[in-house]
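*Asks:* What follows is the file run-v2.txt, containing compact mmCIF, C-alpha atoms:
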```
# COMPACT_ATOMS: atom_id res chain seq x y z
CA MET A 22 23.33 -17.90 9.94
CA ASN A 23 19.64 -18.28 10.46
CA ASN A 24 18.28 -17.96 13.97
CA ILE A 25 15.22 -20.08 14.69
CA LEU A 26 13.01 -19.41 17.68
CA LYS A 27 9.82 -21.02 18.92
CA SER A 28 7.48 -20.01 21.70
CA LYS A 29 8.12 -21.99 24.82
CA THR A 30 4.54 -21.58 25.93
CA PRO A 31 1.45 -20.38 24.04
CA MET A 32 0.27 -16.84 24.57
CA MET A 33 -3.33 -16.64 25.72
CA VAL A 34 -5.15 -13.97 23.73
CA THR A 35 -6.95 -12.10 26.47
CA LYS A 36 -9.70 -9.54 26.19
CA TYR A 37 -7.31 -7.11 27.88
CA ALA A 38 -4.57 -7.67 25.27
CA ILE A 39 -7.01 -7.15 22.40
CA ASP A 40 -8.52 -4.09 24.06
CA SER A 41 -5.07 -2.61 24.69
CA TYR A 42 -4.01 -3.10 21.10
CA ALA A 43 -7.25 -1.67 19.68
CA LYS A 44 -7.12 1.38 21.94
CA SER A 45 -3.46 2.10 21.25
CA THR A 46 -4.17 2.15 17.51
CA ASP A 47 -7.38 4.17 17.95
CA ASN A 48 -9.42 1.36 16.43
CA HIS A 49 -12.89 1.78 17.86
CA ASN A 50 -14.83 -1.03 16.21
CA PRO A 51 -16.79 -2.51 19.15
CA VAL A 52 -16.21 -6.10 18.00
CA TYR A 53 -12.72 -5.68 19.45
CA TYR A 54 -13.85 -4.91 22.98
CA ASP A 55 -17.59 -5.42 23.41
CA GLN A 56 -18.80 -9.00 23.84
CA SER A 57 -22.38 -8.21 22.85
CA ALA A 58 -21.23 -6.37 19.71
CA ALA A 59 -19.04 -9.34 18.81
CA GLU A 60 -22.01 -11.66 19.24
CA ASP A 61 -24.25 -9.41 17.14
CA ALA A 62 -21.62 -9.46 14.39
CA GLY A 63 -21.58 -13.25 14.48
CA CYS A 64 -18.06 -13.50 15.86
CA GLY A 65 -19.10 -15.33 19.01
CA LYS A 66 -16.34 -13.82 21.05
CA VAL A 67 -14.37 -10.61 20.96
CA ILE A 68 -11.90 -10.82 18.08
CA ALA A 69 -8.52 -9.18 17.60
CA PRO A 70 -7.75 -6.62 14.88
CA SER A 71 -5.89 -8.35 12.07
CA CYS A 72 -2.55 -6.66 12.73
CA PHE A 73 -2.67 -7.75 16.36
CA PHE A 74 -0.18 -10.31 15.00
CA GLY A 75 2.35 -7.57 14.42
CA GLN A 76 2.27 -6.75 18.09
CA LEU A 77 2.54 -10.43 18.94
CA SER A 78 5.60 -10.83 16.78
CA PHE A 79 7.42 -8.26 18.82
CA SER A 80 6.27 -9.50 22.16
CA LYS A 81 9.04 -10.64 24.44
CA ILE A 82 6.49 -12.66 26.37
CA ILE A 83 5.60 -14.93 23.49
CA LEU A 84 9.17 -15.76 22.57
CA GLY A 85 10.62 -15.50 26.04
CA GLN A 86 13.76 -13.93 24.63
CA GLU A 87 14.73 -10.36 25.28
CA ASP A 88 16.88 -9.48 22.32
CA TYR A 89 16.00 -11.50 19.23
CA ILE A 90 15.59 -8.15 17.52
CA PRO A 91 18.24 -5.64 18.61
CA THR A 92 16.89 -2.43 20.09
CA GLY A 93 17.18 0.66 17.91
CA GLY A 94 16.14 -0.72 14.56
CA VAL A 95 13.23 0.36 12.44
CA HIS A 96 11.04 -1.63 10.08
CA VAL A 97 11.36 -0.86 6.41
CA LYS A 98 8.88 -3.46 5.18
CA GLN A 99 6.17 -5.70 6.60
CA LYS A 100 4.17 -8.44 4.90
CA TYR A 101 1.20 -10.30 6.32
CA LYS A 102 -1.02 -13.13 5.17
CA PHE A 103 -4.11 -13.55 7.31
CA CYS A 104 -5.84 -16.92 7.44
CA GLY A 105 -8.66 -16.30 9.91
CA PRO A 106 -9.63 -14.16 12.88
CA VAL A 107 -8.09 -14.66 16.30
CA LYS A 108 -10.51 -14.61 19.22
CA GLU A 109 -10.37 -14.05 22.91
CA GLY A 110 -9.20 -17.26 24.55
CA ASP A 111 -7.13 -18.50 21.60
CA ARG A 112 -3.65 -19.71 22.43
CA ILE A 113 -1.04 -18.61 19.93
CA THR A 114 2.47 -19.90 19.48
CA VAL A 115 5.08 -18.35 17.26
CA GLU A 116 7.71 -19.91 15.06
CA LEU A 117 10.25 -17.37 13.90
CA GLU A 118 13.26 -17.64 11.63
CA SER A 119 15.53 -14.64 11.24
CA VAL A 120 18.58 -13.92 9.14
CA LYS A 121 20.89 -10.91 8.96
CA ARG A 122 21.83 -9.58 5.54
CA LYS A 123 22.87 -6.43 3.71
CA ASP A 124 20.50 -4.49 1.49
CA ASP A 125 21.43 -2.99 -1.88
CA LYS A 126 22.87 0.07 -0.06
CA ASN A 127 25.04 -2.16 2.16
CA ARG A 128 22.93 -1.43 5.23
CA ASP A 129 22.51 -4.08 7.93
CA MET A 130 19.08 -5.67 7.83
CA LEU A 131 17.37 -8.36 9.86
CA GLU A 132 14.71 -10.28 7.96
CA TYR A 133 12.43 -12.52 9.95
CA HIS A 134 9.69 -14.89 8.89
CA ILE A 135 7.00 -15.70 11.42
CA ASP A 136 4.23 -18.29 11.56
CA PHE A 137 1.48 -17.74 14.11
CA VAL A 138 -0.18 -21.02 15.06
CA ASN A 139 -3.33 -21.44 17.12
CA GLN A 140 -4.23 -24.08 19.68
CA ASP A 141 -5.54 -26.38 16.94
CA GLY A 142 -2.25 -26.31 15.06
CA VAL A 143 -3.67 -24.06 12.36
CA VAL A 144 -1.44 -21.33 10.95
CA VAL A 145 -3.60 -18.22 11.38
CA CYS A 146 -1.10 -15.67 10.08
CA GLN A 147 2.23 -15.62 8.33
CA SER A 148 4.40 -12.55 8.21
CA ILE A 149 7.75 -11.34 6.93
CA MET A 150 9.40 -8.33 8.55
CA ILE A 151 12.48 -6.46 7.40
CA ASN A 152 14.18 -4.40 10.09
CA MET A 153 16.98 -1.90 9.46
CA LEU A 154 19.32 -2.44 12.38
CA ASN A 155 21.16 0.89 12.56
CA PRO A 156 18.99 3.66 11.12
CA VAL A 157 20.75 6.44 13.04
CA MET B 9 -19.63 -12.02 10.49
CA LEU B 10 -18.17 -8.54 10.14
CA THR B 11 -19.83 -5.98 7.94
CA ALA B 12 -18.05 -5.03 4.72
CA LEU B 13 -18.62 -1.41 3.76
CA PHE B 14 -17.12 -1.53 0.27
CA SER B 15 -18.73 -3.04 -2.80
CA ASP B 16 -17.51 -1.16 -5.91
CA PHE B 17 -14.68 -3.25 -7.29
CA THR B 18 -14.19 -1.15 -10.42
CA PRO B 19 -10.53 -0.25 -10.99
CA GLU B 20 -9.66 3.21 -9.59
CA SER B 21 -12.49 3.04 -7.03
CA LYS B 22 -11.44 4.53 -3.69
CA LEU B 23 -11.87 2.64 -0.43
CA LEU B 24 -13.26 4.37 2.63
CA PRO B 25 -10.09 5.93 4.08
CA VAL B 26 -8.78 6.07 7.62
CA VAL B 27 -7.38 9.21 9.26
CA LYS B 28 -5.16 9.03 12.35
CA HIS B 29 -3.75 11.77 14.52
CA VAL B 30 -0.50 10.57 16.08
CA CYS B 31 0.89 11.95 19.31
CA LEU B 32 3.77 10.89 21.54
CA SER B 33 1.50 9.57 24.29
CA LYS B 34 -0.24 7.30 21.77
CA ILE B 35 3.13 5.98 20.56
CA GLN B 36 4.22 5.38 24.14
CA GLU B 37 0.96 3.57 24.88
CA PHE B 38 1.49 1.34 21.86
CA CYS B 39 5.12 0.61 22.74
CA VAL B 40 4.34 -0.25 26.34
CA MET B 41 1.56 -2.54 25.19
CA SER B 42 3.78 -4.27 22.63
CA GLN B 43 6.86 -4.31 24.85
CA ALA B 44 8.81 -2.79 22.00
CA ALA B 45 9.84 0.48 23.54
CA GLY B 46 13.00 1.15 21.52
CA PRO B 47 14.43 4.63 22.17
CA ILE B 48 13.90 5.63 18.55
CA HIS B 49 10.15 5.48 19.23
CA VAL B 50 9.80 6.85 22.75
CA ASP B 51 12.91 8.66 24.00
CA THR B 52 12.73 12.32 22.99
CA ALA B 53 16.19 13.15 24.41
CA TYR B 54 17.76 10.29 22.44
CA CYS B 55 15.92 11.22 19.26
CA ALA B 56 16.96 14.88 19.54
CA LYS B 57 20.55 13.74 18.95
CA THR B 58 19.63 11.77 15.82
CA PRO B 59 18.93 13.01 12.29
CA PHE B 60 15.23 12.34 12.96
CA LYS B 61 15.11 14.91 15.83
CA LYS B 62 11.80 13.50 17.07
CA PRO B 63 10.56 9.95 17.83
CA LEU B 64 9.38 7.77 14.97
CA VAL B 65 5.93 6.21 14.78
CA PRO B 66 6.46 2.43 14.90
CA GLY B 67 5.86 0.66 11.61
CA PHE B 68 3.54 -1.70 13.48
CA MET B 69 1.22 1.22 14.23
CA ILE B 70 1.10 2.27 10.58
CA SER B 71 0.48 -1.25 9.34
CA GLY B 72 -2.25 -1.45 11.97
CA TYR B 73 -3.88 1.64 10.46
CA VAL B 74 -3.74 0.11 6.98
CA ALA B 75 -5.23 -3.11 8.28
CA GLU B 76 -8.03 -1.17 9.98
CA MET B 77 -8.97 0.40 6.66
CA MET B 78 -9.10 -3.03 5.05
CA GLU B 79 -11.13 -4.44 7.97
CA ASN B 80 -13.65 -1.61 7.63
CA ASN B 81 -13.99 -2.02 3.89
CA PHE B 82 -13.97 -5.81 3.57
CA GLY B 83 -14.94 -7.27 6.95
CA GLU B 84 -14.72 -11.04 7.26
CA ASP B 85 -13.10 -11.52 3.85
CA TRP B 86 -10.12 -9.49 5.00
CA PHE B 87 -9.65 -11.56 8.15
CA ASN B 88 -9.91 -14.83 6.21
CA SER B 89 -7.85 -14.08 3.12
CA GLY B 90 -6.17 -10.68 3.41
CA GLU B 91 -2.60 -10.16 2.32
CA MET B 92 -0.69 -6.95 2.90
CA GLU B 93 2.74 -5.67 1.96
CA ILE B 94 3.77 -2.26 3.27
CA SER B 95 7.03 -0.39 2.73
CA PHE B 96 7.86 2.51 5.00
CA VAL B 97 9.10 5.34 2.84
CA LYS B 98 9.67 8.24 5.24
CA PRO B 99 9.28 8.58 9.00
CA ALA B 100 5.98 9.49 10.58
CA GLN B 101 6.39 11.44 13.81
CA PRO B 102 4.32 12.81 16.70
CA GLY B 103 2.10 15.62 15.52
CA ASP B 104 1.47 14.04 12.15
CA THR B 105 -2.00 13.37 10.85
CA LEU B 106 -1.92 10.31 8.63
CA LEU B 107 -4.29 9.62 5.77
CA VAL B 108 -4.54 5.96 4.78
CA GLU B 109 -6.01 5.44 1.32
CA GLY B 110 -6.70 2.46 -0.90
CA THR B 111 -7.42 2.35 -4.61
CA VAL B 112 -8.76 -0.70 -6.44
CA ARG B 113 -6.27 -1.87 -9.04
CA GLU B 114 -7.74 -5.14 -10.28
CA TYR B 115 -10.69 -7.43 -9.68
CA ALA B 116 -10.95 -10.79 -11.39
CA ASP B 117 -12.31 -14.18 -10.39
CA GLY B 118 -13.11 -12.96 -6.90
CA LYS B 119 -9.56 -11.73 -6.32
CA LEU B 120 -9.22 -8.05 -5.51
CA SER B 121 -5.98 -6.07 -5.41
CA VAL B 122 -5.69 -2.65 -3.84
CA GLU B 123 -2.92 -0.05 -3.96
CA ILE B 124 -2.14 1.48 -0.58
CA ASN B 125 -0.77 4.94 0.19
CA VAL B 126 -0.20 6.58 3.56
CA THR B 127 0.50 10.31 3.50
CA ASN B 128 1.02 12.87 6.24
CA HIS B 129 -0.79 16.18 6.63
CA LYS B 130 1.89 17.90 4.54
CA GLY B 131 1.23 15.57 1.65
CA GLY B 132 4.43 13.59 2.14
CA LYS B 133 4.29 9.87 1.47
CA VAL B 134 4.96 7.89 4.63
CA ALA B 135 4.24 4.35 3.42
CA LYS B 136 3.08 2.56 0.32
CA GLY B 137 2.17 -0.93 -0.63
CA ALA B 138 -0.53 -3.28 -1.75
CA CYS B 139 -3.25 -5.44 -0.31
CA ALA B 140 -5.10 -8.38 -1.81
CA LEU B 141 -7.98 -10.57 -0.74
CA THR B 142 -10.60 -12.98 -1.98
CA VAL B 143 -14.07 -11.46 -2.02
CA THR B 144 -16.83 -13.97 -1.22
CA ASP B 145 -20.42 -13.85 -2.35
CA ARG B 146 -22.20 -11.36 -0.14
CA GLY B 147 -25.66 -12.34 -1.26
```
Can the structure in the file be given as structure tokens, please?
*Replies:*
Amino acid sequence: MNNILKSKTPMMVTKYAIDSYAKSTDNHNPVYYDQSAAEDAGCGKVIAPSCFFGQLSFSKIILGQEDYIPTGGVHVKQKYKFCGPVKEGDRITVELESVKRKDDKNRDMLEYHIDFVNQDGVVVCQSIMINMLNPV
Amino acid sequence: MLTALFSDFTPESKLLPVVKHVCLSKIQEFCVMSQAAGPIHVDTAYCAKTPFKKPLVPGFMISGYVAEMMENNFGEDWFNSGEMEISFVKPAQPGDTLLVEGTVREYADGKLSVEINVTNHKGGKVAKGACALTVTDRG
């Protein structure tokens, strides 16, 4: 059975959240943390690295649910479609649909489709994740 | 907006690569930030009892490295039209140095497709996949 989740409240994309993501992935492009560099690049505000959405998809804050993906799994595939940069101050909501299934080796998989929507109602990223539930 | 560093769309052309050194503290930092601290990624005692022996680098970190390479090479076009599909072939673990590479496969009508490979310092393939985007006029 499909499990459908939606953010209860939007997640504010803060400079701190972007900076934390960029630093943890060793991404040192200053447009991700330096306002003046972002302005020089024509971004206006600090922007988030494109795969910032991956982090958002896993965030318990944005979905307000602790266990929509069981702990202990590992991703075997990720797909993203980016539709525009996300900037500091944007408010992102998530719509997620997940379904459990078996793969061709009869392993338990959780596949989830996620739409990331900004404060204007525009889908800014779509992703599909496939998580192997019991890799050990 | 963002500078694109790559302009040779001839098939077989190599993108500017990305190299990442992965350590446990960096994985832990990422997992705390993303609130996704599953034991398979951060708990060394737990992992020692598994076939993996050591923690696994989260797939989200590796896809982030691939995306960084595409951001560096294609700038704004990547943010506006990028598509990425990555399959994780074998685990990456603390101590690994990862090389993220892209090779142009096709360019037609402004649409560019790139083959992606992520290998560790021993030459083992960690992830593979493909990216695509629409390249706008940079004149």
*Asks:* Considering all atoms listed in the file, state which residue in the set B:Thr18, B:Gln101, B:Ala135, B:Ser89 is at the smallest distance from Pro106 (chain A).
*Replies:* B:Ser89
*Asks:* Quick one: which residues from chain A are at most 9 Å off chain B, using all atoms listed in the file, as number ranges by chain?
*Replies:* A: 38, 41-42, 44-48, 50, 52, 59, 61-64, 70-73, 75-82, 92-107, 145, 157
*Asks:* Within 8 Å of region 127-136 of chain A, counting only C-alpha atoms, which residues show up once you throw out same-chain ones fewer than 4 positions away? Write them as a list in words, please.
*Replies:*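 Returned residues: Ser78, Ile90, Val115, Glu116, Leu117, Glu118, Ser119, Val120, Lys121, Arg122, Lys123, Val144, Val145, Cys146, Gln147, Ser148, Ile149, Met150, Ile151, Asn152, Met153, Leu154 and Asn155 of chain A.
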*Asks:* Have a look at CA of Gly110 (chain A) and CA of Thr35 (chain A) and let me know their distance in Å, one decimal.
*Replies:*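 Separation of CA of Gly110 (chain A) and CA of Thr35 (chain A): 5.9 Å.
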*Asks:* Just the number, please: distance in Å from CA of Phe82 (chain B) to CA of Ala43 (chain A), one decimal.
*Replies:*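 So the answer is 17.9 Å.
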*Asks:* Quick one, how far is CA of Gly132 (chain B) from CA of Gly110 (chain B)?
*Replies:* 16.0 Å
*Asks:* Please provide the set of residues having any atom within 7 Å of Val26 (chain B), restricted to all atoms listed in the file, with same-chain residues fewer than 6 positions apart removed, written as a PyMOL selection string.
*Replies:* chain B and resi 77+107-109
*Asks:* Using all atoms listed in the file, give me every residue within 10 Å of (-8.7, 0.0, -4.3) in file coordinates, as a compact mmCIF listing (two decimals) with C-alpha atoms, keeping the file's coordinate frame.
*Replies:*
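New file selection-v6.txt:
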```txt
# COMPACT_ATOMS: atom_id res chain seq x y z
CA PHE B 14 -17.12 -1.53 0.27
CA ASP B 16 -17.51 -1.16 -5.91
CA PHE B 17 -14.68 -3.25 -7.29
CA THR B 18 -14.19 -1.15 -10.42
CA PRO B 19 -10.53 -0.25 -10.99
CA GLU B 20 -9.66 3.21 -9.59
CA SER B 21 -12.49 3.04 -7.03
CA LYS B 22 -11.44 4.53 -3.69
CA LEU B 23 -11.87 2.64 -0.43
CA LEU B 24 -13.26 4.37 2.63
CA MET B 78 -9.10 -3.03 5.05
CA ASN B 81 -13.99 -2.02 3.89
CA GLU B 109 -6.01 5.44 1.32
CA GLY B 110 -6.70 2.46 -0.90
CA THR B 111 -7.42 2.35 -4.61
CA VAL B 112 -8.76 -0.70 -6.44
CA ARG B 113 -6.27 -1.87 -9.04
CA GLU B 114 -7.74 -5.14 -10.28
CA TYR B 115 -10.69 -7.43 -9.68
CA LEU B 120 -9.22 -8.05 -5.51
CA SER B 121 -5.98 -6.07 -5.41
CA VAL B 122 -5.69 -2.65 -3.84
CA GLU B 123 -2.92 -0.05 -3.96
CA ILE B 124 -2.14 1.48 -0.58
CA ALA B 138 -0.53 -3.28 -1.75
CA CYS B 139 -3.25 -5.44 -0.31
CA ALA B 140 -5.10 -8.38 -1.81
```
